[in-house]
Amino acid sequence: MAFLSDWLRSWTESLLSERRQIRGLPVRILNTRRDIDTTEVIERLTQALDLIARYAPHRFHRLRQDFAGIVVRRFPCRGAFFHDSRECLVELTFTVNPRHTLAEIAASIVHEATHARVARMCGPLPGELRPREERLCRKAELEFGLGLPDGAVVVERARASLVLADQEVAPAVDWAEGARRVAAIDALERRL
């Protein structure tokens, strides 16, 4: 029954998703929020990718090797890399939230690209190496932020993460609880 449920959810999502090519990368947008304009999502994602292309061209050129594509959707964190599909997730509300800069969105993509590169070169790493991998990703963010004219927020966040203890830099995440919280927030938004 779980297989059928997963298949049905996947099929429904594919019907509701908008597909684009942005800067040569396949992008799939699943906008489940009526208060978010998909055009704004596309615009901000494009601008974030433009930042990577301009200030870290070596990283940008590798994105097509690192990712099979980018997916923008609701999720319990800013970004993720899905090993099975090789997709980079950029969270929907994070992408359009004006409190987050384009540099932050771009840094999140750089971070997930580092996860993708590690996965491509080494396969999935054992749990005890997660903190080391996470620090590698934060160092990539730091390097990227230092190369930006407006990268202070990226640099500050990366530096703060790099001094955290292992269990803080790579905490165990209850994804089911995160999904419940996202669903609760979205349900509240629909009532407003």
# chains A, B, ... in the order shown; residues from 1 in each chain; ligands from 1
>>> residues_around(residues="segment 59-71 of chain A", least_positions_apart="5", cutoff="8 Å", atoms="only C-alpha atoms", output="mmCIF file with C-alpha atoms, in the first residue's frame")
data_model
loop_
_atom_site.group_PDB
_atom_site.id
_atom_site.type_symbol
_atom_site.label_atom_id
_atom_site.label_comp_id
_atom_site.auth_asym_id
_atom_site.auth_seq_id
_atom_site.Cartn_x
_atom_site.Cartn_y
_atom_site.Cartn_z
ATOM 1 C CA GLY A 24 20.944 25.260 -18.939
ATOM 2 C CA LEU A 25 19.654 23.362 -15.888
ATOM 3 C CA PRO A 26 16.345 21.496 -15.801
ATOM 4 C CA VAL A 27 14.144 23.012 -13.098
ATOM 5 C CA ARG A 28 10.916 21.602 -11.712
ATOM 6 C CA ILE A 29 8.730 23.882 -9.599
ATOM 7 C CA LEU A 30 5.959 22.474 -7.439
ATOM 8 C CA LEU A 49 22.245 31.033 -10.473
ATOM 9 C CA ILE A 52 27.148 31.615 -9.071
ATOM 10 C CA ALA A 53 27.930 31.951 -12.778
ATOM 11 C CA SER A 85 17.279 11.526 -8.268
ATOM 12 C CA ARG A 86 20.461 13.664 -8.112
ATOM 13 C CA GLU A 87 18.255 16.729 -7.725
ATOM 14 C CA CYS A 88 19.053 19.847 -5.749
ATOM 15 C CA LEU A 89 16.116 21.068 -3.737
ATOM 16 C CA VAL A 90 15.686 24.772 -3.125
ATOM 17 C CA VAL A 110 26.665 25.792 -3.787
ATOM 18 C CA ALA A 113 26.354 20.960 -5.137
ATOM 19 C CA ALA A 116 26.341 16.116 -4.900
ATOM 20 C CA ARG A 117 30.037 16.131 -5.809
ATOM 21 C CA ARG A 120 29.299 11.328 -7.188
#
>>> residues_around(residues="Arg157 of chain A", least_positions_apart="6", cutoff="9 Å", atoms="only C-alpha atoms", output="number ranges by chain")
A: 138, 141-142
>>> select_by_dssp(residues="segment 63-142 of chain A", states="helix (DSSP H, G or I)", output="PyMOL selection string")
chain A and resi 63-66+92-96+102-122+127-142
>>> closest_residue(among="A:Ile22, A:Cys137, A:Cys122, A:Val41", to="Ala170 of chain A", atoms="only C-alpha atoms")
A:Cys137
>>> select_by_dssp(residues="segment 19-185 of chain A", states="strand (DSSP E)", output="PyMOL selection string")
chain A and resi 19-22+25-29+69-73+79-82+87-91
>>> write_last_selection(atoms="N, CA and C atoms", output="PDB file, in the first residue's frame")
ATOM      1  N   ARG A  19       7.788  22.909 -15.420  1.00  0.00           N
ATOM      2  CA  ARG A  19       9.169  22.585 -15.794  1.00  0.00           C
ATOM      3  C   ARG A  19       9.746  23.711 -16.647  1.00  0.00           C
ATOM      4  N   ARG A  20      11.010  24.027 -16.375  1.00  0.00           N
ATOM      5  CA  ARG A  20      11.739  25.077 -17.087  1.00  0.00           C
ATOM      6  C   ARG A  20      13.177  24.653 -17.295  1.00  0.00           C
ATOM      7  N   GLN A  21      13.850  25.358 -18.150  1.00  0.00           N
ATOM      8  CA  GLN A  21      15.310  25.299 -18.252  1.00  0.00           C
ATOM      9  C   GLN A  21      15.791  26.665 -17.804  1.00  0.00           C
ATOM     10  N   ILE A  22      16.634  26.697 -16.793  1.00  0.00           N
ATOM     11  CA  ILE A  22      17.189  27.964 -16.321  1.00  0.00           C
ATOM     12  C   ILE A  22      18.701  27.838 -16.355  1.00  0.00           C
ATOM     13  N   LEU A  25      19.994  24.407 -16.859  1.00  0.00           N
ATOM     14  CA  LEU A  25      19.654  23.362 -15.888  1.00  0.00           C
ATOM     15  C   LEU A  25      18.153  23.082 -15.904  1.00  0.00           C
ATOM     16  N   PRO A  26      17.769  21.811 -15.912  1.00  0.00           N
ATOM     17  CA  PRO A  26      16.345  21.496 -15.801  1.00  0.00           C
ATOM     18  C   PRO A  26      15.839  21.862 -14.410  1.00  0.00           C
ATOM     19  N   VAL A  27      14.727  22.571 -14.365  1.00  0.00           N
ATOM     20  CA  VAL A  27      14.144  23.012 -13.098  1.00  0.00           C
ATOM     21  C   VAL A  27      12.683  22.583 -13.070  1.00  0.00           C
ATOM     22  N   ARG A  28      12.301  22.010 -11.938  1.00  0.00           N
ATOM     23  CA  ARG A  28      10.916  21.602 -11.712  1.00  0.00           C
ATOM     24  C   ARG A  28      10.409  22.366 -10.496  1.00  0.00           C
ATOM     25  N   ILE A  29       9.292  23.071 -10.679  1.00  0.00           N
ATOM     26  CA  ILE A  29       8.730  23.882  -9.599  1.00  0.00           C
ATOM     27  C   ILE A  29       7.368  23.315  -9.222  1.00  0.00           C
ATOM     28  N   GLY A  69      19.108  18.002 -11.960  1.00  0.00           N
ATOM     29  CA  GLY A  69      18.202  19.136 -12.069  1.00  0.00           C
ATOM     30  C   GLY A  69      17.994  19.791 -10.719  1.00  0.00           C
ATOM     31  N   ILE A  70      17.171  20.822 -10.729  1.00  0.00           N
ATOM     32  CA  ILE A  70      16.806  21.537  -9.509  1.00  0.00           C
ATOM     33  C   ILE A  70      15.300  21.408  -9.338  1.00  0.00           C
ATOM     34  N   VAL A  71      14.882  21.167  -8.126  1.00  0.00           N
ATOM     35  CA  VAL A  71      13.459  21.138  -7.806  1.00  0.00           C
ATOM     36  C   VAL A  71      13.196  22.193  -6.733  1.00  0.00           C
ATOM     37  N   VAL A  72      12.156  22.979  -6.954  1.00  0.00           N
ATOM     38  CA  VAL A  72      11.740  23.994  -5.984  1.00  0.00           C
ATOM     39  C   VAL A  72      10.376  23.554  -5.468  1.00  0.00           C
ATOM     40  N   ARG A  73      10.287  23.363  -4.153  1.00  0.00           N
ATOM     41  CA  ARG A  73       9.049  22.893  -3.526  1.00  0.00           C
ATOM     42  C   ARG A  73       9.101  23.170  -2.036  1.00  0.00           C
ATOM     43  N   GLY A  79      17.482  23.804   1.762  1.00  0.00           N
ATOM     44  CA  GLY A  79      17.972  23.089   0.595  1.00  0.00           C
ATOM     45  C   GLY A  79      18.326  21.669   0.957  1.00  0.00           C
ATOM     46  N   ALA A  80      18.399  20.841  -0.063  1.00  0.00           N
ATOM     47  CA  ALA A  80      18.759  19.436   0.144  1.00  0.00           C
ATOM     48  C   ALA A  80      19.281  18.879  -1.171  1.00  0.00           C
ATOM     49  N   PHE A  81      20.008  17.790  -1.059  1.00  0.00           N
ATOM     50  CA  PHE A  81      20.420  17.051  -2.241  1.00  0.00           C
ATOM     51  C   PHE A  81      19.832  15.658  -2.120  1.00  0.00           C
ATOM     52  N   PHE A  82      19.058  15.267  -3.128  1.00  0.00           N
ATOM     53  CA  PHE A  82      18.447  13.943  -3.138  1.00  0.00           C
ATOM     54  C   PHE A  82      19.336  12.996  -3.945  1.00  0.00           C
ATOM     55  N   GLU A  87      18.843  15.400  -7.630  1.00  0.00           N
ATOM     56  CA  GLU A  87      18.255  16.729  -7.725  1.00  0.00           C
ATOM     57  C   GLU A  87      18.656  17.576  -6.522  1.00  0.00           C
ATOM     58  N   CYS A  88      18.829  18.854  -6.803  1.00  0.00           N
ATOM     59  CA  CYS A  88      19.053  19.847  -5.749  1.00  0.00           C
ATOM     60  C   CYS A  88      17.703  20.462  -5.428  1.00  0.00           C
ATOM     61  N   LEU A  89      17.340  20.421  -4.164  1.00  0.00           N
ATOM     62  CA  LEU A  89      16.116  21.068  -3.737  1.00  0.00           C
ATOM     63  C   LEU A  89      16.450  22.471  -3.243  1.00  0.00           C
ATOM     64  N   VAL A  90      15.656  23.426  -3.676  1.00  0.00           N
ATOM     65  CA  VAL A  90      15.686  24.772  -3.125  1.00  0.00           C
ATOM     66  C   VAL A  90      14.271  25.020  -2.619  1.00  0.00           C
ATOM     67  N   GLU A  91      14.149  25.286  -1.328  1.00  0.00           N
ATOM     68  CA  GLU A  91      12.824  25.379  -0.706  1.00  0.00           C
ATOM     69  C   GLU A  91      12.037  26.565  -1.268  1.00  0.00           C
TER      70      GLU A  91
END
>>> closest_residue(among="A:Ser17, A:Gln167, A:Ser108, A:Thr101", to="Arg132 of chain A", atoms="only C-alpha atoms")
A:Gln167
>>> closest_residue(among="A:Val153, A:Thr114, A:Asp37, A:Ser161", to="Ala140 of chain A", atoms="only C-alpha atoms")
A:Thr114
>>> residues_around(residues="Thr93 of chain A", least_positions_apart="6", cutoff="9 Å", atoms="only C-alpha atoms", output="PyMOL selection string")
chain A and resi 33+36+41+73-75+78
>>> atom_distance(atom1="atom CA of Ala187 of chain A", atom2="atom CA of Thr95 of chain A")
19.6 Å
>>> closest_residue(among="A:Ala48, A:Val173, A:Ala152, A:Ala183", to="Ile105 of chain A", atoms="only C-alpha atoms")
A:Ala48
>>> atom_distance(atom1="atom CA of Ala119 of chain A", atom2="atom CA of Leu136 of chain A")
12.6 Å
>>> closest_residue(among="A:Glu43, A:Asp50, A:Glu156, A:Ala184", to="Ile109 of chain A", atoms="only C-alpha atoms")
A:Asp50
>>> closest_residue(among="A:Phe144, A:Asp35, A:Val96, A:His83", to="Val118 of chain A", atoms="only C-alpha atoms")
A:His83
